[in-house]
>>> print(open('coords_0.cif').read())   # mmCIF, C-alpha atoms
data_upload
#
loop_
_atom_site.group_PDB
_atom_site.id
_atom_site.type_symbol
_atom_site.label_atom_id
_atom_site.label_comp_id
_atom_site.auth_asym_id
_atom_site.auth_seq_id
_atom_site.Cartn_x
_atom_site.Cartn_y
_atom_site.Cartn_z
ATOM 1 C CA MET A 1 -48.211 -18.954 -4.451
ATOM 2 C CA THR A 2 -49.518 -22.264 -3.144
ATOM 3 C CA THR A 3 -49.617 -25.617 -4.904
ATOM 4 C CA ASP A 4 -52.345 -28.243 -4.776
ATOM 5 C CA LEU A 5 -51.683 -31.966 -4.310
ATOM 6 C CA PHE A 6 -51.139 -32.425 -8.045
ATOM 7 C CA GLY A 7 -48.601 -29.626 -8.341
ATOM 8 C CA THR A 8 -50.840 -27.255 -10.300
ATOM 9 C CA PRO A 9 -50.188 -23.646 -9.252
ATOM 10 C CA GLU A 10 -53.181 -21.517 -8.297
ATOM 11 C CA PRO A 11 -53.937 -18.727 -10.778
ATOM 12 C CA VAL A 12 -52.594 -15.350 -9.756
ATOM 13 C CA ARG A 13 -55.441 -12.936 -9.117
ATOM 14 C CA GLU A 14 -54.707 -9.417 -10.244
ATOM 15 C CA GLU A 15 -56.525 -6.488 -8.728
ATOM 16 C CA PRO A 16 -58.635 -4.620 -11.295
ATOM 17 C CA ARG A 17 -57.041 -1.404 -12.526
ATOM 18 C CA ILE A 18 -58.751 1.708 -11.193
ATOM 19 C CA PHE A 19 -58.510 4.612 -13.642
ATOM 20 C CA SER A 20 -58.710 8.242 -12.591
ATOM 21 C CA VAL A 21 -61.199 10.384 -14.509
ATOM 22 C CA SER A 22 -58.273 12.076 -16.295
ATOM 23 C CA GLU A 23 -56.762 8.727 -17.339
ATOM 24 C CA LEU A 24 -60.127 7.505 -18.596
ATOM 25 C CA THR A 25 -60.849 10.616 -20.657
ATOM 26 C CA ARG A 26 -57.317 10.572 -22.152
ATOM 27 C CA SER A 27 -57.776 6.916 -23.131
ATOM 28 C CA VAL A 28 -61.201 7.503 -24.687
ATOM 29 C CA ARG A 29 -59.928 10.585 -26.534
ATOM 30 C CA SER A 30 -56.956 8.623 -27.883
ATOM 31 C CA VAL A 31 -59.183 5.826 -29.189
ATOM 32 C CA LEU A 32 -61.639 8.244 -30.795
ATOM 33 C CA GLU A 33 -58.852 10.255 -32.428
ATOM 34 C CA ARG A 34 -57.413 7.072 -33.965
ATOM 35 C CA MET A 35 -60.898 6.231 -35.285
ATOM 36 C CA SER A 36 -61.353 9.688 -36.824
ATOM 37 C CA GLY A 37 -63.199 9.421 -40.099
ATOM 38 C CA ARG A 38 -64.170 5.783 -39.567
ATOM 39 C CA LEU A 39 -67.407 6.215 -37.650
ATOM 40 C CA GLY A 40 -70.482 5.499 -39.686
ATOM 41 C CA GLY A 41 -73.874 3.910 -39.763
ATOM 42 C CA GLY A 42 -75.395 6.223 -37.176
ATOM 43 C CA GLU A 43 -77.091 9.556 -36.971
ATOM 44 C CA ILE A 44 -76.701 12.867 -35.175
ATOM 45 C CA SER A 45 -79.659 14.071 -33.128
ATOM 46 C CA ASN A 46 -80.385 16.778 -30.556
ATOM 47 C CA TYR A 47 -77.844 19.095 -32.193
ATOM 48 C CA ARG A 48 -77.451 22.530 -30.649
ATOM 49 C CA LYS A 49 -74.814 25.211 -31.032
ATOM 50 C CA GLN A 50 -74.234 27.523 -28.072
ATOM 51 C CA ALA A 51 -73.280 31.214 -28.233
ATOM 52 C CA SER A 52 -69.813 30.150 -27.037
ATOM 53 C CA GLY A 53 -69.416 28.144 -30.246
ATOM 54 C CA HIS A 54 -69.517 24.796 -28.461
ATOM 55 C CA GLN A 55 -71.720 22.239 -30.187
ATOM 56 C CA TYR A 56 -73.672 19.543 -28.382
ATOM 57 C CA PHE A 57 -75.249 16.527 -30.046
ATOM 58 C CA THR A 58 -76.079 12.849 -29.666
ATOM 59 C CA LEU A 59 -74.571 10.144 -31.876
ATOM 60 C CA LYS A 60 -76.844 7.134 -32.066
ATOM 61 C CA ASP A 61 -77.658 3.935 -33.862
ATOM 62 C CA ALA A 62 -80.316 1.268 -33.320
ATOM 63 C CA GLN A 63 -78.739 -0.047 -30.099
ATOM 64 C CA SER A 64 -76.855 2.816 -28.441
ATOM 65 C CA GLN A 65 -76.410 6.543 -28.075
ATOM 66 C CA LEU A 66 -73.535 8.752 -27.016
ATOM 67 C CA SER A 67 -73.824 12.341 -25.772
ATOM 68 C CA CYS A 68 -71.089 14.493 -27.329
ATOM 69 C CA VAL A 69 -69.622 17.979 -27.237
ATOM 70 C CA TRP A 70 -67.355 19.599 -29.799
ATOM 71 C CA PHE A 71 -65.564 22.558 -28.286
ATOM 72 C CA ALA A 72 -65.300 25.777 -30.290
ATOM 73 C CA ARG A 73 -61.495 25.804 -30.210
ATOM 74 C CA GLN A 74 -61.457 22.511 -32.159
ATOM 75 C CA GLY A 75 -62.694 24.267 -35.295
ATOM 76 C CA PHE A 76 -65.660 22.067 -36.166
ATOM 77 C CA GLY A 77 -68.129 23.665 -38.581
#
>>> encode(input="coords_0.cif", output="structure tokens")
Amino acid sequence: MTTDLFGTPEPVREEPRIFSVSELTRSVRSVLERMSGRLGGGEISNYRKQASGHQYFTLKDAQSQLSCVWFARQGFG
């Protein structure tokens, strides 16, 4: 660390954290599971259920949309 003439230390610059795909999906899953039952004010569109039992749909509101899948083993409808 260096110091300027007035003795103020330079801010430490941290490298941005790079997440692996697995770390990212675990983090997103954890957040969504904690929010379970608290999502509202949107709509489901483009719903389709596959022969495998997996269900695909889009959650959306006026500003955003999120493509989703609910796997058959999770026991959703």
>>> atom_distance(input="coords_0.cif", atom1="CA of His54 in chain A", atom2="CA of Ala72 in chain A")
4.7 Å
>>> residues_around(input="coords_0.cif", residues="Gln50 in chain A", least_positions_apart="4", cutoff="12 Å", atoms="all atoms listed in the file", output="PyMOL selection string")
chain A and resi 54-57+69-72
>>> resolve_selection(input="coords_0.cif", expression="the PyMOL selection byres ((chain A and resi 67) around 10)", output="ChimeraX atom specification")
/A:44-46,56-60,65-66,68-69
>>> atom_distance(input="coords_0.cif", atom1="CA of Gly42 in chain A", atom2="CA of Ser27 in chain A")
22.5 Å
>>> atom_distance(input="coords_0.cif", atom1="CA of Glu33 in chain A", atom2="CA of Arg73 in chain A")
15.9 Å
>>> decode(input="coords_0.cif", residues="range 15-35 of chain A", atoms="N, CA and C atoms", output="tab-separated table (two decimals), in the first residue's frame")
chain	number	residue	atom	x	y	z
A	15	GLU	N	-10.10	-7.76	-6.67
A	15	GLU	CA	-10.49	-8.35	-7.94
A	15	GLU	C	-11.93	-8.83	-7.84
A	16	PRO	N	-12.72	-8.66	-8.90
A	16	PRO	CA	-14.10	-9.16	-8.85
A	16	PRO	C	-14.11	-10.68	-8.73
A	17	ARG	N	-15.06	-11.19	-7.98
A	17	ARG	CA	-15.19	-12.64	-7.79
A	17	ARG	C	-15.75	-13.24	-9.07
A	18	ILE	N	-15.12	-14.29	-9.54
A	18	ILE	CA	-15.59	-15.02	-10.71
A	18	ILE	C	-16.25	-16.31	-10.21
A	19	PHE	N	-17.53	-16.46	-10.48
A	19	PHE	CA	-18.27	-17.64	-10.04
A	19	PHE	C	-18.27	-18.69	-11.15
A	20	SER	N	-18.15	-19.94	-10.77
A	20	SER	CA	-18.34	-21.02	-11.73
A	20	SER	C	-19.84	-21.13	-12.00
A	21	VAL	N	-20.23	-21.81	-13.05
A	21	VAL	CA	-21.64	-22.00	-13.35
A	21	VAL	C	-22.32	-22.73	-12.19
A	22	SER	N	-21.66	-23.74	-11.64
A	22	SER	CA	-22.23	-24.49	-10.51
A	22	SER	C	-22.44	-23.60	-9.29
A	23	GLU	N	-21.47	-22.74	-8.98
A	23	GLU	CA	-21.62	-21.83	-7.84
A	23	GLU	C	-22.77	-20.86	-8.06
A	24	LEU	N	-22.88	-20.35	-9.27
A	24	LEU	CA	-23.95	-19.41	-9.59
A	24	LEU	C	-25.32	-20.06	-9.47
A	25	THR	N	-25.48	-21.25	-10.03
A	25	THR	CA	-26.79	-21.90	-9.96
A	25	THR	C	-27.15	-22.29	-8.53
A	26	ARG	N	-26.16	-22.71	-7.72
A	26	ARG	CA	-26.43	-23.01	-6.31
A	26	ARG	C	-26.88	-21.75	-5.57
A	27	SER	N	-26.23	-20.63	-5.84
A	27	SER	CA	-26.60	-19.37	-5.19
A	27	SER	C	-28.00	-18.93	-5.58
A	28	VAL	N	-28.31	-18.99	-6.86
A	28	VAL	CA	-29.65	-18.59	-7.33
A	28	VAL	C	-30.70	-19.52	-6.74
A	29	ARG	N	-30.43	-20.82	-6.75
A	29	ARG	CA	-31.38	-21.78	-6.18
A	29	ARG	C	-31.63	-21.49	-4.70
A	30	SER	N	-30.57	-21.20	-3.96
A	30	SER	CA	-30.69	-20.92	-2.54
A	30	SER	C	-31.57	-19.69	-2.30
A	31	VAL	N	-31.35	-18.65	-3.06
A	31	VAL	CA	-32.16	-17.43	-2.92
A	31	VAL	C	-33.62	-17.71	-3.25
A	32	LEU	N	-33.86	-18.41	-4.34
A	32	LEU	CA	-35.24	-18.69	-4.74
A	32	LEU	C	-35.95	-19.59	-3.74
A	33	GLU	N	-35.23	-20.56	-3.18
A	33	GLU	CA	-35.84	-21.44	-2.18
A	33	GLU	C	-36.22	-20.66	-0.93
A	34	ARG	N	-35.39	-19.70	-0.53
A	34	ARG	CA	-35.73	-18.88	0.64
A	34	ARG	C	-36.93	-17.97	0.37
A	35	MET	N	-37.14	-17.63	-0.90
A	35	MET	CA	-38.25	-16.76	-1.28
A	35	MET	C	-39.54	-17.55	-1.54
